[in-house]
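Trainee: Supplied in structure tokens, the structure appears directly below.
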Amino acid sequence: MAAEPGPPDALVAELIEELSRASDLGEACSIVLERAARQFHLQRAVFLVNTEAGLRGAVWGSDERTHDVLRALDEPDSPVLELIEHGGLHGGAPAVRSADSFPPLHFRSFVAFTFRDDAGRSIGAVLLEADAVDDAAVQFAHLTSRLGPLLSRLARLESLAARGKQSSRQMDLLTTIVNAMPDPVLLTDIGNDIVLSNRRAEQLFTTQPDDSDGRRRAVQINNLLFSSLLTQTAMASQHSDGRELNLVDAQDGSDLLFEVLSVPVENIGGQPGVISVLRDITDLRHVVGELEVQFNRSRVAEHDARLERDRLNVILENVSDPILVTDQSTNIVLMNPEADRLFVVDDEQTRDRNARQQIQANDMRFTTLISNFMLHPEHRHMERISIVDPETGREFPVEVGSSKIMNARGELTAIVSVIHDLTDSEDNERLARELQQLNDQLEERIRHATLELEERNRRLEWQSFELQKASRLKSEFLANMSHELRTPINVILGYTSLIRERIYGALTDQQDEALTKTYTTSQHLLELINDILDLSKIEAGKMPLHVEPVFVAEVIAEVSEAVQSMLHGSNLTFESDVSKELPTIRTDRTKLKQVLLNLLSNAIKFTQDGAVRIKAAPLESRRGVQIVVADTGIGIKPEDLGAIFEDFRQIDQSHTREYGGTGLGLSITKKLLTLLEGEVVVESTYGSGTCFTIDLPSLDERKEGRRTSAGAVAKSGS
């Protein structure tokens, strides 16, 4: 039997030339189908090529658009795809097929055949409306068999071009993200040469032809310092948890201090490399240095004041006359042993009624004298009174010399009184002169000591102000930095989700697995940043309250539904007991929901078997609700109960701890309850479970929209 003649070689040559000029695979399919339809007098036909992106092809003689036909035939269970994948009937030769098996074509009956690439793989099919296999179908099948390898190459070229565009878009996106970072980011090779860098790194480590000599020297110094640090890091270990690096600002020549975080890369162009992120800590180091200077100064001032106090005590103890120092309220704050004998009741005198009464009388007379002196404008006063010696019961006259100690603002700070015994009149004048001299010396020393103490107090006040300022700046820095970090992470999550949904093209299983891990890790990082941002807002006093009427039962129902996904695959049962008499209260719905989610997620995380329960009932003492979250988990040791509400605190602080997390959940919960004027009490038995009890009142309408101060929240959380 003679072989059936194929299509003319001239037709094949013309088609090959036209296909070489086609802009894409769809145009190439249209060229082949149109020439074949005119050459073989076809009525209606469909020409299809299966590619990685789906079916491509052309339609002839149909009123339906090519796009609509291809979309209908490209369904997962489409018989066309099965026809192409299995190579068709009779090895791909033309064969009559039932119109019922291809409903989207609306053919009465048709002939179908497939064509292959140069490797023998079936890559496409042709569907001709016909009742039998005629010469036109055979000729068209021969034509497609000769054009199959060329169409396969066009399909591969189009797929490679699409992948190239997608890779270029992803590279542009990653470059934009890295360049938007305020910190320098560098990629270096095994010789410490910079391979890639963002804009901030280029400002420090690269030069331009028109740069000044000063900038070139600064950049050269920076490269030498950075290369030296990388060498030291490589000699010390495989990675760095943070090393400090001094660089020069290439713009103004100022010193910069960076913390360098380096991570080794497995392979870059066939060679190992290192990715380094430089975090600018120049301002932070300046603040720490100033605080250390002020702290050292305060320590020196405290030491000097202690020495002066010791010298005064030695003087007072070695003076034979009683000396007393009183404050603005006539309270005796300091006295020497002689004064202590006359004005203080010791243990033996407590049982002696007469001695006790005599000492009390001495104290009353002296207090009256000091009170009268404080009412007069003079700074020094001499007055005689009679006091009793409690040891002998002898009453004797004394002269009390009192002097006022004033501060720099002219305010009274203390009164120094020296009591002179006038029993021996012959020594009266001599003792008076000595006492006056001593009084002047004491007054001067106390004045100097007072001035030094005032100066120290001013320094301490300034230091306290600076510490509060530093704390506020820290909270604002965390809030701003968390926001700056959250923005690129949201972008990463968004584009990762788009790529996983095949918006930019098909993915392999390995690519999809890597993107899934990237998406999950980014979500976890975003949750950590959101916790830090909430904590920073609370500490900075920027957490607003949105008070509204809230039906607590609805909130508990929403939270209970939200945690159901956490219970899948576990041995836990979830129980909810909400009283029907639960009132509607005025509070912040969002913050209450966050508090309950934190407590329930903690209970589920630390409970392996048993149950997690939530119970709500009205408060008995005032308008509000009481919510109890209990579990049968691992429990908390008694010595750890006091630390569970601390920031970044976990009971197990080891690197191999079983349970993950940042340690911010309970801290934020406690601070949010403080904002809502609520209270939380925890009871736990180690190994048996934990119970958190929340008393939440209904807030007054005037509290709506307010912001609490960071100091109030910090105090309540301490």
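Following the order of the structure tokens, chains are lettered A, B, ..., residues in each are numbered from 1, and ligands are numbered from 1.
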Quick one: residues within 6 Å of region 213-219 of chain A, only C-alpha atoms counted, chain neighbours fewer than 2 positions away excluded, as a count of residues only?

Mentor: 6

Trainee: Could you give me, as a PyMOL selection string, the residues within 12 Å of Thr175 (chain A), counting only C-alpha atoms and dropping anything in the same chain fewer than 4 positions from it?

Mentor: chain A and resi 168-171+179-181+185+196-199+488

Trainee: Record the distance separating CA of Leu187 (chain A) and CA of Gly273 (chain A), expressed in Å with one decimal.

Mentor: 7.0 Å

Trainee: Give me the residues near region 21-34 of chain A as number ranges by chain, where near means some atom within 7 Å (using only C-alpha atoms) and where sequence neighbours in that chain fewer than 2 positions away do not count.

Mentor: A: 15, 17-19, 36-38, 47, 56-58, 154-155, 158

Trainee: What is the distance between CA of Glu454 (chain A) and CA of Met374 (chain A), in Å to one decimal?

Mentor: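 Here the two named atoms are 21.8 Å from each other.
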
Trainee: Leaving out Gln436 (chain A) and any residue of its chain fewer than 2 positions from it, which residues lie within 12 Å of it when counting only C-alpha atoms, given as a PyMOL selection string?

Mentor: chain A and resi 380-382+399-403+416-420+428-434+438-443

Trainee: Smallest atom-to-atom distance to Val277 (chain A): which of A:Pro182, A:Gly633, A:Gly191, A:Pro322, using only C-alpha atoms?

Mentor: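 Closest to Val277 (chain A) of all the choices is A:Pro182.
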
Trainee: Pick the closest to Ser579 (chain A) from A:Gly624, A:Pro544, A:Pro618, A:Pro272: which is it, counting only C-alpha atoms?

Mentor: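 The closest residue to Ser579 (chain A) is A:Pro618.
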
Trainee: Residues of region 202-444 of chain A in helix (DSSP H, G or I) according to DSSP, as a PyMOL selection string?

Mentor: chain A and resi 202-205+213-236+282-317+337-343+347-350+353-375+425-444

Trainee: Applying 9 Å and only C-alpha atoms, which residues near region 294-296 of chain A remain after dropping the ones on its own chain fewer than 5 positions away? List them as a list of chain:residue names.

Mentor: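 Contacts, in chain order: A:Gly289, A:Ala301, A:Arg459, A:Leu460, A:Gln463.
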
Trainee: What does the file look like for those residues with N, CA, C and O atoms, as a PDB file, in the first residue's frame?

Mentor:
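File written: part13.pdb
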```pdb
ATOM      1  N   GLY A 289      26.402  57.248  77.109  1.00  0.00           N
ATOM      2  CA  GLY A 289      27.583  57.899  77.660  1.00  0.00           C
ATOM      3  C   GLY A 289      27.234  59.061  78.577  1.00  0.00           C
ATOM      4  O   GLY A 289      27.833  59.219  79.663  1.00  0.00           O
ATOM      5  N   ALA A 301      29.105  63.065  94.238  1.00  0.00           N
ATOM      6  CA  ALA A 301      28.438  64.004  95.142  1.00  0.00           C
ATOM      7  C   ALA A 301      27.906  63.285  96.380  1.00  0.00           C
ATOM      8  O   ALA A 301      27.988  63.800  97.507  1.00  0.00           O
ATOM      9  N   ARG A 459      20.806  67.778  90.450  1.00  0.00           N
ATOM     10  CA  ARG A 459      21.371  66.839  89.483  1.00  0.00           C
ATOM     11  C   ARG A 459      20.528  65.569  89.360  1.00  0.00           C
ATOM     12  O   ARG A 459      20.317  65.042  88.269  1.00  0.00           O
ATOM     13  N   LEU A 460      20.053  65.098  90.517  1.00  0.00           N
ATOM     14  CA  LEU A 460      19.204  63.901  90.488  1.00  0.00           C
ATOM     15  C   LEU A 460      17.891  64.172  89.762  1.00  0.00           C
ATOM     16  O   LEU A 460      17.387  63.311  89.029  1.00  0.00           O
ATOM     17  N   GLN A 463      18.719  64.215  86.165  1.00  0.00           N
ATOM     18  CA  GLN A 463      18.951  62.840  85.717  1.00  0.00           C
ATOM     19  C   GLN A 463      17.633  62.091  85.567  1.00  0.00           C
ATOM     20  O   GLN A 463      17.431  61.346  84.606  1.00  0.00           O
TER      21      GLN A 463
END
```

Trainee: Fewer than 6 positions away in the same chain doesn't count, so skip those; otherwise give me all residues within 12 Å of Leu70 (chain A), counting only C-alpha atoms, as a PyMOL selection string.

Mentor: chain A and resi 26+46-50+54-59+64+78+80-81+104-105

Trainee: Residues of the last selection are to be written out with N, CA, C and O atoms, as a compact mmCIF listing (two decimals), in the first residue's frame.

Mentor:
```txt
# COMPACT_ATOMS: atom_id res chain seq x y z
N GLY A 26 0.22 32.34 20.27
CA GLY A 26 -1.16 32.48 19.82
C GLY A 26 -1.23 32.90 18.36
O GLY A 26 -2.04 32.39 17.57
N VAL A 46 -10.50 23.83 15.43
CA VAL A 46 -9.83 24.37 16.62
C VAL A 46 -8.41 23.81 16.64
O VAL A 46 -8.21 22.59 16.53
N PHE A 47 -7.42 24.71 16.75
CA PHE A 47 -6.00 24.33 16.79
C PHE A 47 -5.47 24.64 18.19
O PHE A 47 -5.54 25.78 18.65
N LEU A 48 -4.93 23.63 18.92
CA LEU A 48 -4.57 23.78 20.33
C LEU A 48 -3.13 23.33 20.57
O LEU A 48 -2.68 22.34 19.98
N VAL A 49 -2.42 24.10 21.46
CA VAL A 49 -1.08 23.73 21.92
C VAL A 49 -1.10 23.80 23.45
O VAL A 49 -1.52 24.83 24.02
N ASN A 50 -0.67 22.74 24.11
CA ASN A 50 -0.65 22.70 25.58
C ASN A 50 0.70 23.23 26.08
O ASN A 50 1.75 22.71 25.72
N GLY A 54 -1.05 26.83 30.27
CA GLY A 54 -2.38 26.41 29.86
C GLY A 54 -2.46 26.25 28.35
O GLY A 54 -1.46 26.30 27.62
N LEU A 55 -3.69 26.06 27.84
CA LEU A 55 -3.91 25.87 26.42
C LEU A 55 -3.77 27.19 25.66
O LEU A 55 -4.26 28.23 26.10
N ARG A 56 -3.03 27.16 24.55
CA ARG A 56 -2.95 28.28 23.62
C ARG A 56 -3.41 27.75 22.27
O ARG A 56 -3.21 26.58 21.94
N GLY A 57 -3.96 28.62 21.43
CA GLY A 57 -4.40 28.13 20.13
C GLY A 57 -5.22 29.15 19.36
O GLY A 57 -5.16 30.36 19.62
N ALA A 58 -6.01 28.63 18.38
CA ALA A 58 -6.82 29.49 17.51
C ALA A 58 -8.09 28.75 17.13
O ALA A 58 -8.16 27.52 17.21
N VAL A 59 -9.11 29.51 16.73
CA VAL A 59 -10.42 28.95 16.33
C VAL A 59 -10.74 29.46 14.93
O VAL A 59 -10.54 30.66 14.63
N GLU A 64 -17.79 32.17 18.33
CA GLU A 64 -17.29 32.36 19.69
C GLU A 64 -15.85 32.87 19.66
O GLU A 64 -15.08 32.54 18.76
N SER A 78 -11.09 18.52 31.55
CA SER A 78 -11.41 18.64 30.13
C SER A 78 -10.90 17.42 29.37
O SER A 78 -9.74 17.00 29.54
N VAL A 80 -10.07 17.39 26.33
CA VAL A 80 -9.02 17.82 25.40
C VAL A 80 -7.65 17.60 26.02
O VAL A 80 -6.72 17.11 25.37
N LEU A 81 -7.50 18.00 27.31
CA LEU A 81 -6.22 17.80 27.99
C LEU A 81 -5.88 16.31 28.06
O LEU A 81 -4.72 15.92 27.89
N PRO A 104 -18.21 21.97 24.86
CA PRO A 104 -17.98 23.39 24.57
C PRO A 104 -17.86 23.72 23.08
O PRO A 104 -17.99 24.88 22.71
N LEU A 105 -17.59 22.71 22.20
CA LEU A 105 -17.34 23.02 20.79
C LEU A 105 -18.62 23.21 19.99
O LEU A 105 -18.62 23.90 18.97
```

Trainee: Using DSSP on the backbone coordinates, identify the residues of region 262-444 of chain A assigned to strand (DSSP E or B); present them as JSON, numbers by chain.

Mentor: {"A": [262, 263, 264, 265, 266, 267, 268, 271, 272, 273, 274, 275, 276, 277, 278, 279, 280, 323, 324, 325, 326, 332, 333, 334, 335, 380, 381, 382, 383, 384, 385, 386, 387, 388, 395, 396, 397, 398, 399, 400, 401, 402, 403, 404, 405, 406, 412, 413, 414, 415, 416, 417, 418, 419, 420, 421]}

Trainee: Could you check how far CA of Gly678 (chain A) sits from CA of Lys580 (chain A), in Å to one decimal?

Mentor: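 Distance between the two atoms: 21.6 Å.
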
Trainee: Would you mind listing what lies within 7 Å of Val388 (chain A) as a PDB file with C-alpha atoms, in the first residue's frame, with only C-alpha atoms counted and same-chain residues fewer than 3 positions away left out?

Mentor:
```pdb
ATOM      1  CA  GLN A 358      11.295  65.051 133.293  1.00  0.00           C
ATOM      2  CA  ASN A 362      12.563  69.117 128.677  1.00  0.00           C
ATOM      3  CA  GLY A 393      16.760  65.027 139.036  1.00  0.00           C
ATOM      4  CA  ARG A 394      18.609  68.380 139.331  1.00  0.00           C
ATOM      5  CA  GLU A 395      17.116  71.374 137.556  1.00  0.00           C
ATOM      6  CA  PHE A 396      19.675  73.752 136.127  1.00  0.00           C
TER       7      PHE A 396
END
```

Trainee: Pick out the closest residue to Arg156 (chain A) from this set: A:Ala53, A:Leu369, A:Ala234, A:Ala562. Count only C-alpha atoms.

Mentor: A:Ala53

Trainee: Using only C-alpha atoms for the distances, tell me which of A:Glu548, A:Ala72, A:Gln208, A:His41 is nearest to Ala130 (chain A).

Mentor: A:His41

Trainee: Which is closest to Val682 (chain A) among A:Gln271, A:Ile668, A:Asp631, A:Pro8, if we use only C-alpha atoms?

Mentor: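 Looking only at the distances to Val682 (chain A), the closest residue turns out to be A:Asp631.
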